[in-house]
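Okay, input_35.csv is below, CSV, C-alpha atoms:
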```
chain,number,residue,atom,x,y,z
P,1,MET,CA,122.7,100.7,106.8
P,2,PRO,CA,121.8,102.7,109.9
P,3,GLU,CA,118.6,104.6,109.2
P,4,LEU,CA,116.9,107.7,110.7
P,5,PRO,CA,116.3,106.2,114.2
P,6,GLU,CA,119.9,104.9,114.6
P,7,VAL,CA,121.4,108.1,113.3
P,8,GLU,CA,119.2,110.2,115.5
P,9,HIS,CA,120.2,108.1,118.5
P,10,VAL,CA,123.9,108.7,117.7
P,11,ALA,CA,123.3,112.4,117.1
P,12,ARG,CA,121.7,112.7,120.5
P,13,GLY,CA,124.6,111.0,122.2
P,14,LEU,CA,127.0,113.3,120.4
P,15,ARG,CA,125.0,116.3,121.3
P,16,GLU,CA,125.1,115.4,125.0
P,17,ALA,CA,128.9,114.7,124.9
P,18,LEU,CA,130.2,117.5,122.6
P,19,VAL,CA,128.3,120.7,122.8
P,20,GLY,CA,130.5,123.4,124.4
P,21,ARG,CA,133.7,121.5,124.0
P,22,ARG,CA,136.6,122.8,121.9
P,23,LEU,CA,138.3,120.8,119.1
P,24,GLU,CA,141.9,120.3,120.1
P,25,ARG,CA,143.4,117.7,117.8
P,26,VAL,CA,142.6,116.0,114.5
P,27,GLU,CA,144.0,112.6,113.5
P,28,ILE,CA,143.3,111.2,110.1
P,29,ARG,CA,144.6,107.6,109.4
P,30,ARG,CA,142.9,107.2,106.0
P,31,ALA,CA,142.7,109.7,103.2
P,32,THR,CA,139.5,108.5,101.7
P,33,LEU,CA,136.3,106.7,102.8
P,34,ARG,CA,133.4,107.0,100.5
P,35,SER,CA,134.7,110.4,99.7
P,36,PRO,CA,138.1,112.0,100.3
P,37,ILE,CA,138.4,113.3,103.9
P,38,PRO,CA,139.3,117.1,103.8
P,39,ARG,CA,142.1,116.8,106.4
P,40,ARG,CA,143.4,120.4,106.1
P,41,ARG,CA,140.0,122.0,106.3
P,42,ILE,CA,139.1,120.0,109.4
P,43,GLU,CA,142.5,120.7,111.0
P,44,GLY,CA,141.8,124.4,110.4
P,45,GLU,CA,138.9,124.1,112.8
P,46,VAL,CA,141.2,123.3,115.8
P,47,GLY,CA,140.2,125.8,118.5
P,48,ALA,CA,136.6,126.1,117.5
P,49,ARG,CA,133.8,125.0,119.8
P,50,VAL,CA,130.9,122.7,119.1
P,51,SER,CA,127.8,124.9,119.1
P,52,ALA,CA,125.2,122.3,118.1
P,53,VAL,CA,124.7,118.7,116.9
P,54,ALA,CA,121.8,117.8,114.6
P,55,ARG,CA,120.7,115.2,112.1
P,56,ARG,CA,119.5,115.6,108.5
P,57,GLY,CA,118.3,112.5,106.9
P,58,LYS,CA,121.0,109.9,107.6
P,59,TRP,CA,123.7,112.6,108.1
P,60,ILE,CA,125.0,113.8,111.5
P,61,LEU,CA,125.8,117.6,111.5
P,62,VAL,CA,128.4,118.9,114.0
P,63,ASP,CA,128.4,122.7,114.0
P,64,LEU,CA,131.7,124.5,114.9
P,65,ALA,CA,132.1,128.2,115.8
P,66,ARG,CA,134.7,130.4,117.4
P,67,GLY,CA,132.4,133.1,118.9
P,68,ARG,CA,129.0,134.7,118.9
P,69,ARG,CA,129.8,137.8,116.9
P,70,ARG,CA,128.3,138.1,113.4
P,71,ALA,CA,131.7,137.8,111.8
P,72,ASP,CA,132.4,134.6,113.8
P,73,LEU,CA,129.0,133.1,112.8
P,74,ALA,CA,129.8,133.9,109.2
P,75,MET,CA,132.9,131.7,109.5
P,76,ALA,CA,131.1,128.9,111.3
P,77,SER,CA,131.4,125.4,109.8
P,78,THR,CA,129.8,122.0,109.9
P,79,LEU,CA,131.3,118.5,110.0
P,80,LEU,CA,129.0,116.1,108.1
P,81,ILE,CA,129.3,112.5,109.3
P,82,HIS,CA,127.7,109.5,107.6
P,83,LEU,CA,127.8,106.0,109.1
P,84,GLY,CA,127.6,104.3,105.7
P,85,MET,CA,126.8,100.6,106.1
P,86,SER,CA,129.1,99.6,109.0
P,87,GLY,CA,130.3,102.9,110.5
P,88,ARG,CA,130.5,103.6,114.2
P,89,VAL,CA,131.1,106.9,115.9
P,90,LEU,CA,132.2,106.2,119.5
P,91,VAL,CA,132.8,108.6,122.4
P,92,ALA,CA,135.7,107.7,124.7
P,93,ARG,CA,136.6,109.6,127.8
P,94,SER,CA,140.2,108.7,128.6
P,95,ALA,CA,143.1,110.6,130.1
P,96,GLY,CA,145.7,108.1,128.7
P,97,GLU,CA,146.7,107.0,125.2
P,98,LEU,CA,144.2,104.8,123.4
P,99,ASP,CA,145.4,102.6,120.6
P,100,PHE,CA,143.7,102.9,117.2
P,101,GLU,CA,141.5,99.9,116.3
P,102,ARG,CA,142.1,98.1,113.0
P,103,HIS,CA,139.3,99.9,111.1
P,104,GLU,CA,139.5,103.2,113.0
P,105,HIS,CA,140.1,105.9,110.3
P,106,TRP,CA,139.8,109.2,112.1
P,107,ARG,CA,139.8,110.6,115.6
P,108,LEU,CA,138.9,114.0,116.9
P,109,SER,CA,140.0,115.1,120.4
P,110,PHE,CA,137.9,117.7,122.4
P,111,SER,CA,138.7,119.7,125.5
P,112,PRO,CA,137.6,118.8,129.0
P,113,ALA,CA,134.2,120.3,130.0
P,114,ARG,CA,132.0,120.4,133.1
P,115,GLY,CA,134.6,118.7,135.3
P,116,THR,CA,135.1,115.8,132.8
P,117,GLY,CA,138.3,114.8,131.1
P,118,LEU,CA,139.5,114.8,127.5
P,119,LEU,CA,136.9,113.4,125.0
P,120,LEU,CA,137.8,111.4,121.9
P,121,LEU,CA,135.4,111.0,119.0
P,122,ARG,CA,136.4,107.9,117.1
P,123,GLY,CA,135.4,107.0,113.5
P,124,ILE,CA,135.4,103.3,112.9
P,125,ASP,CA,134.2,101.8,109.6
P,126,ALA,CA,135.2,98.3,108.4
P,127,ARG,CA,133.5,98.6,104.9
P,128,ARG,CA,134.5,102.3,104.4
P,129,PHE,CA,131.2,103.5,103.0
P,130,GLY,CA,130.8,106.2,105.5
P,131,ASP,CA,131.9,109.9,105.2
P,132,LEU,CA,133.6,112.7,107.2
P,133,LEU,CA,133.1,116.0,105.3
P,134,HIS,CA,133.5,119.7,106.0
P,135,VAL,CA,131.3,122.5,104.8
P,136,ARG,CA,130.9,126.2,105.7
P,137,ALA,CA,127.6,126.6,107.6
P,138,VAL,CA,126.3,129.2,105.2
P,139,GLU,CA,126.7,126.7,102.3
P,140,ARG,CA,125.4,123.7,104.2
P,141,ALA,CA,121.9,123.6,102.7
P,142,ARG,CA,123.3,123.7,99.2
P,143,HIS,CA,125.8,120.9,99.8
P,144,LYS,CA,125.3,118.0,97.4
P,145,ALA,CA,124.8,115.6,100.4
P,146,LEU,CA,121.8,117.6,101.7
P,147,ARG,CA,120.3,119.8,99.0
P,148,GLU,CA,117.9,117.2,97.5
P,149,LEU,CA,116.7,115.6,100.8
P,150,GLY,CA,113.0,115.6,101.3
P,151,PRO,CA,111.1,116.7,104.5
P,152,GLU,CA,112.0,115.2,107.9
P,153,PRO,CA,109.2,112.8,108.9
P,154,LEU,CA,109.3,113.8,112.5
P,155,ASP,CA,109.1,117.6,112.0
P,156,GLU,CA,106.0,119.4,113.0
P,157,GLY,CA,105.4,120.6,109.5
P,158,PHE,CA,105.4,117.2,108.0
P,159,THR,CA,101.8,116.2,107.3
P,160,ALA,CA,99.9,113.6,105.4
P,161,GLN,CA,99.1,116.2,102.8
P,162,CYS,CA,102.8,117.0,102.5
P,163,LEU,CA,103.5,113.3,102.0
P,164,ALA,CA,100.8,112.9,99.4
P,165,ALA,CA,101.9,115.9,97.5
P,166,ARG,CA,105.4,114.3,97.1
P,167,ALA,CA,103.7,111.4,95.3
P,168,GLN,CA,101.7,113.5,92.8
P,169,ARG,CA,102.2,112.3,89.2
P,170,LYS,CA,104.2,109.4,90.4
P,171,ARG,CA,103.4,105.7,89.8
P,172,VAL,CA,106.2,104.0,91.8
P,173,ALA,CA,105.6,101.3,94.4
P,174,LEU,CA,105.0,102.6,97.9
P,175,LYS,CA,108.1,101.1,99.4
P,176,SER,CA,110.3,102.5,96.6
P,177,PHE,CA,108.7,105.9,97.2
P,178,LEU,CA,109.6,105.8,100.9
P,179,LEU,CA,113.2,104.7,100.2
P,180,ASP,CA,113.8,107.7,97.9
P,181,GLY,CA,115.3,110.4,100.2
P,182,ARG,CA,114.0,113.1,97.9
P,183,ASN,CA,110.5,112.2,99.1
P,184,VAL,CA,111.1,111.5,102.8
P,185,ALA,CA,114.4,111.9,104.5
P,186,GLY,CA,116.1,109.1,106.4
P,187,ILE,CA,113.9,106.1,105.6
P,188,GLY,CA,115.6,102.8,104.7
P,189,ASN,CA,114.6,99.2,104.2
P,190,ILE,CA,113.7,98.3,107.8
P,191,TYR,CA,111.4,101.2,108.6
P,192,ALA,CA,109.8,101.3,105.1
P,193,SER,CA,108.6,97.7,105.7
P,194,GLU,CA,107.6,98.4,109.2
P,195,ALA,CA,105.7,101.6,108.4
P,196,CYS,CA,103.8,99.9,105.5
P,197,PHE,CA,102.8,97.1,107.9
P,198,SER,CA,101.6,99.6,110.6
P,199,ALA,CA,99.6,101.5,108.0
P,200,GLY,CA,98.1,98.2,106.7
P,201,LEU,CA,99.4,98.9,103.2
P,202,ARG,CA,101.1,96.5,100.8
P,203,PRO,CA,104.5,97.9,99.9
P,204,GLU,CA,104.2,97.0,96.3
P,205,ARG,CA,101.1,99.1,95.7
P,206,SER,CA,101.4,102.1,93.5
P,207,VAL,CA,101.4,105.5,95.3
P,208,ALA,CA,98.9,106.6,92.6
P,209,GLU,CA,96.3,104.3,94.2
P,210,LEU,CA,96.3,105.6,97.7
P,211,ASP,CA,93.4,107.8,98.9
P,212,ALA,CA,93.4,110.5,101.6
P,213,ARG,CA,92.6,108.0,104.4
P,214,GLU,CA,95.5,105.8,103.4
P,215,TRP,CA,97.9,108.7,103.3
P,216,GLU,CA,96.8,109.7,106.8
P,217,ALA,CA,97.4,106.1,108.0
P,218,LEU,CA,100.9,106.0,106.4
P,219,HIS,CA,101.8,109.4,107.9
P,220,GLY,CA,100.8,108.3,111.4
P,221,ALA,CA,102.6,104.9,110.9
P,222,LEU,CA,105.8,106.6,109.8
P,223,ARG,CA,105.9,108.8,112.8
P,224,SER,CA,105.0,106.2,115.4
P,225,THR,CA,107.4,103.6,113.8
P,226,LEU,CA,110.3,106.0,113.9
P,227,GLU,CA,109.6,107.3,117.4
P,228,ARG,CA,109.4,103.8,118.8
P,229,ALA,CA,112.7,102.8,117.2
P,230,ILE,CA,114.4,105.9,118.5
P,231,ASN,CA,113.1,105.3,122.0
P,232,SER,CA,114.5,101.7,121.8
P,233,GLY,CA,117.9,102.9,120.7
P,234,GLY,CA,117.5,101.8,117.1
P,235,THR,CA,117.8,98.4,115.5
P,236,SER,CA,121.1,96.5,115.6
P,237,LEU,CA,121.3,93.9,112.9
P,238,ARG,CA,125.1,93.6,112.5
P,239,ASP,CA,127.4,96.6,113.0
P,240,TYR,CA,125.3,99.4,114.5
P,241,VAL,CA,126.0,100.6,118.0
P,242,ASP,CA,125.5,103.9,119.7
P,243,THR,CA,128.2,106.3,120.9
P,244,ALA,CA,128.8,104.2,124.0
P,245,GLY,CA,129.2,101.0,122.0
P,246,GLN,CA,125.8,99.7,123.0
P,247,GLN,CA,123.4,97.8,120.6
P,248,GLY,CA,119.9,99.1,119.9
P,249,ARG,CA,117.0,97.1,121.4
P,250,HIS,CA,114.4,97.6,118.7
P,251,LEU,CA,115.3,94.3,116.9
P,252,TYR,CA,113.0,92.5,119.3
P,253,GLU,CA,110.1,94.9,118.7
P,254,LEU,CA,110.0,94.7,114.9
P,255,PHE,CA,106.6,93.6,113.5
P,256,VAL,CA,107.7,92.2,110.1
P,257,TYR,CA,111.3,93.0,109.1
P,258,GLY,CA,113.5,89.9,109.3
P,259,ARG,CA,110.7,87.7,110.5
P,260,LYS,CA,110.0,85.5,107.5
P,261,GLY,CA,107.9,82.5,108.5
P,262,GLU,CA,107.3,83.8,112.0
P,263,PRO,CA,103.7,84.5,113.1
P,264,CYS,CA,102.3,88.0,112.6
P,265,ARG,CA,102.1,89.8,116.0
P,266,LYS,CA,98.6,90.9,115.1
P,267,CYS,CA,96.9,88.0,113.3
P,268,GLY,CA,99.2,85.1,113.7
P,269,HIS,CA,99.6,84.5,109.9
P,270,ALA,CA,103.1,83.7,108.7
P,271,ILE,CA,105.2,86.7,107.6
P,272,ARG,CA,106.2,86.5,103.9
P,273,GLU,CA,109.5,87.7,102.4
P,274,THR,CA,109.7,88.9,98.8
P,275,ARG,CA,112.2,90.8,96.7
P,276,GLN,CA,111.3,94.3,95.7
P,277,ALA,CA,113.8,96.4,93.7
P,278,GLY,CA,116.5,94.0,94.7
P,279,ARG,CA,115.8,94.3,98.5
P,280,SER,CA,114.0,92.0,100.9
P,281,THR,CA,110.5,93.1,101.8
P,282,PHE,CA,108.5,91.6,104.6
P,283,THR,CA,104.7,91.6,104.8
P,284,CYS,CA,101.7,90.1,106.3
P,285,THR,CA,99.2,89.2,103.5
P,286,ILE,CA,96.3,89.3,106.0
P,287,CYS,CA,97.0,92.6,107.7
P,288,GLN,CA,98.2,94.5,104.6
P,289,THR,CA,95.9,95.3,101.7
```

Let me see whether you can do it: turn the structure in this file into structure tokens.
Amino acid sequence: MPELPEVEHVARGLREALVGRRLERVEIRRATLRSPIPRRRIEGEVGARVSAVARRGKWILVDLARGRRRADLAMASTLLIHLGMSGRVLVARSAGELDFERHEHWRLSFSPARGTGLLLLRGIDARRFGDLLHVRAVERARHKALRELGPEPLDEGFTAQCLAARAQRKRVALKSFLLDGRNVAGIGNIYASEACFSAGLRPERSVAELDAREWEALHGALRSTLERAINSGGTSLRDYVDTAGQQGRHLYELFVYGRKGEPCRKCGHAIRETRQAGRSTFTCTICQT
């Protein structure tokens, strides 16, 4: 499943392509993905302009508004897009007709802007675990998809103390703690393993054991791990591509994930794979304590 770096990279591509454009046409080929697609509510946004594109956890937020007056802003809305496990959101610039792909379930057409032609946003999802939802902007923070998400690990206000506070009175394994989006938003299996390695911590350790120095190390490791992955365009294992259809390059920069039996990039010891809560976990038994 695409994690924070992959979703952030897609969101940045959409921000560059969409902001300022007007929604002109909505085509829905499948009524339900992980959740029912609210066709009529999205069709009701035809004529609205994209005012912003952001990310929250593993969700992409596309804000739509019809003007800058207070009444217009009160009626603003947000499209919530989730990539699921195999989802792709592609941007196509084409003046002609473009056939739907086999697993292309929805398409949004946007007006020309800044001397460019019509823009198509195409939702493709072979396994259909993604989502396309609609919510009024004033209700967004309370939407069930977003309301329980923890802090964003790349926000300025996210500190080691904030991270440690989330672990108070918990005795779960460190990796399980990181995978719970109520503690930290957007972290998945790849970057939980990578951050634990960079912090020098075993992922199976209880969060109750960590001291202040170790929380500082984990905080720094999370931020640096995620920033490196974003700068490399994310990690493409199977399906993930960016809005231009390009794979991420971070696969070749991973320290431990997916490298069972290969030498550790720091000490040369073989990387070990274990199962933790039903998921593969990769560690170096020398570098992580």

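Nearest residue to Ile190 of chain P, choosing from P:Pro36, P:Gly258, P:Gly20, P:Gly117 and counting all atoms listed in the file: P:Gly258.
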
Find the nearest atom pair between each residue of segment 14-64 of chain P and segment 98-107 of chain P for residues within 12 Å, count all atoms listed in the file, give distances in Å to one decimal, sort rows by chain and ascending number, and present the table as a Markdown table.
```
| residue | atom | partner | partner_atom | distance |
| --- | --- | --- | --- | --- |
| P:Leu23 | CA | P:Arg107 | CA | 10.9 |
| P:Glu24 | CA | P:Arg107 | CA | 10.9 |
| P:Arg25 | CA | P:Arg107 | CA | 8.3 |
| P:Val26 | CA | P:Arg107 | CA | 6.2 |
| P:Glu27 | CA | P:Arg107 | CA | 5.1 |
| P:Ile28 | CA | P:Trp106 | CA | 4.5 |
| P:Arg29 | CA | P:His105 | CA | 4.9 |
| P:Arg30 | CA | P:His105 | CA | 5.3 |
| P:Ala31 | CA | P:His105 | CA | 8.5 |
| P:Thr32 | CA | P:His105 | CA | 9.0 |
| P:Leu33 | CA | P:His105 | CA | 8.4 |
| P:Arg34 | CA | P:His105 | CA | 11.9 |
| P:Pro36 | CA | P:His105 | CA | 11.9 |
| P:Ile37 | CA | P:Trp106 | CA | 9.3 |
| P:Pro38 | CA | P:Trp106 | CA | 11.5 |
| P:Arg39 | CA | P:Trp106 | CA | 9.8 |
| P:Ile42 | CA | P:Trp106 | CA | 11.2 |
| P:Glu43 | CA | P:Arg107 | CA | 11.4 |
```

*Determine, counting all atoms listed in the file, which protein, DNA and RNA residues have an atom within 12 Å of an atom of Ala165 of chain P; residues of the same chain fewer than 2 positions away are not included. Present the result as number ranges by chain.*
P: 150-151, 158-163, 167-170, 183-184, 207-208, 210-212, 215

*Pick from P:Tyr257, P:Ala270, P:Asn231, P:Gln276: nearest to Val172 of chain P, with all atoms listed in the file counted?*
P:Gln276

_Distance in Å - atom CA of Val89 of chain P versus atom CA of Arg182 of chain P_ = 25.6 Å

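Relative to atom CA of His9 of chain P, atom CA of Leu108 of chain P is found at 19.7 Å.
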
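Between atom CA of Arg223 of chain P and atom CA of Glu6 of chain P the separation is 14.6 Å.
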
Repair of segment 18-41 of chain P at the level of N, CA and C atoms, as an mmCIF file, in the frame of the given file:
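Produced file out.cif, reproduced below:
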```
data_model
loop_
_atom_site.group_PDB
_atom_site.id
_atom_site.type_symbol
_atom_site.label_atom_id
_atom_site.label_comp_id
_atom_site.auth_asym_id
_atom_site.auth_seq_id
_atom_site.Cartn_x
_atom_site.Cartn_y
_atom_site.Cartn_z
ATOM 1 N N LEU P 18 129.305 116.528 123.234
ATOM 2 C CA LEU P 18 130.200 117.500 122.600
ATOM 3 C C LEU P 18 129.898 118.931 122.726
ATOM 4 N N VAL P 19 128.632 119.307 122.815
ATOM 5 C CA VAL P 19 128.300 120.700 122.800
ATOM 6 C C VAL P 19 129.017 121.487 123.901
ATOM 7 N N GLY P 20 129.703 122.554 123.505
ATOM 8 C CA GLY P 20 130.500 123.400 124.400
ATOM 9 C C GLY P 20 131.943 123.020 124.503
ATOM 10 N N ARG P 21 132.314 121.891 123.949
ATOM 11 C CA ARG P 21 133.700 121.500 124.000
ATOM 12 C C ARG P 21 134.473 122.089 122.771
ATOM 13 N N ARG P 22 135.778 122.254 122.946
ATOM 14 C CA ARG P 22 136.600 122.800 121.900
ATOM 15 C C ARG P 22 137.412 121.714 121.209
ATOM 16 N N LEU P 23 137.464 121.774 119.892
ATOM 17 C CA LEU P 23 138.300 120.800 119.100
ATOM 18 C C LEU P 23 139.737 121.107 119.352
ATOM 19 N N GLU P 24 140.483 120.099 119.792
ATOM 20 C CA GLU P 24 141.900 120.300 120.100
ATOM 21 C C GLU P 24 142.858 119.567 119.214
ATOM 22 N N ARG P 25 142.424 118.452 118.630
ATOM 23 C CA ARG P 25 143.400 117.700 117.800
ATOM 24 C C ARG P 25 142.601 116.865 116.786
ATOM 25 N N VAL P 26 143.185 116.737 115.604
ATOM 26 C CA VAL P 26 142.600 116.000 114.500
ATOM 27 C C VAL P 26 143.599 114.929 114.052
ATOM 28 N N GLU P 27 143.177 113.663 114.017
ATOM 29 C CA GLU P 27 144.000 112.600 113.500
ATOM 30 C C GLU P 27 143.289 111.826 112.434
ATOM 31 N N ILE P 28 143.856 111.830 111.252
ATOM 32 C CA ILE P 28 143.300 111.200 110.100
ATOM 33 C C ILE P 28 144.213 110.025 109.684
ATOM 34 N N ARG P 29 143.761 108.796 109.750
ATOM 35 C CA ARG P 29 144.600 107.600 109.400
ATOM 36 C C ARG P 29 144.329 107.152 107.969
ATOM 37 N N ARG P 30 143.249 107.588 107.356
ATOM 38 C CA ARG P 30 142.900 107.200 106.000
ATOM 39 C C ARG P 30 142.450 108.360 105.201
ATOM 40 N N ALA P 31 142.995 108.544 104.008
ATOM 41 C CA ALA P 31 142.700 109.700 103.200
ATOM 42 C C ALA P 31 141.296 109.738 102.656
ATOM 43 N N THR P 32 140.764 108.551 102.361
ATOM 44 C CA THR P 32 139.500 108.500 101.700
ATOM 45 C C THR P 32 138.601 107.387 102.278
ATOM 46 N N LEU P 33 137.344 107.713 102.507
ATOM 47 C CA LEU P 33 136.300 106.700 102.800
ATOM 48 C C LEU P 33 135.447 106.635 101.564
ATOM 49 N N ARG P 34 134.155 106.909 101.676
ATOM 50 C CA ARG P 34 133.400 107.000 100.500
ATOM 51 C C ARG P 34 133.791 108.182 99.619
ATOM 52 N N SER P 35 134.212 109.237 100.299
ATOM 53 C CA SER P 35 134.700 110.400 99.700
ATOM 54 C C SER P 35 136.064 110.795 100.327
ATOM 55 N N PRO P 36 136.911 111.590 99.675
ATOM 56 C CA PRO P 36 138.100 112.000 100.300
ATOM 57 C C PRO P 36 137.822 112.819 101.612
ATOM 58 N N ILE P 37 138.590 112.575 102.669
ATOM 59 C CA ILE P 37 138.400 113.300 103.900
ATOM 60 C C ILE P 37 139.221 114.627 103.802
ATOM 61 N N PRO P 38 138.585 115.780 103.952
ATOM 62 C CA PRO P 38 139.300 117.100 103.800
ATOM 63 C C PRO P 38 140.132 117.390 105.047
ATOM 64 N N ARG P 39 141.251 116.716 105.174
ATOM 65 C CA ARG P 39 142.100 116.800 106.400
ATOM 66 C C ARG P 39 142.422 118.260 106.736
ATOM 67 N N ARG P 40 142.940 119.018 105.772
ATOM 68 C CA ARG P 40 143.400 120.400 106.100
ATOM 69 C C ARG P 40 142.270 121.278 106.539
ATOM 70 N N ARG P 41 141.100 121.126 105.931
ATOM 71 C CA ARG P 41 140.000 122.000 106.300
ATOM 72 C C ARG P 41 139.520 121.625 107.742
#
```
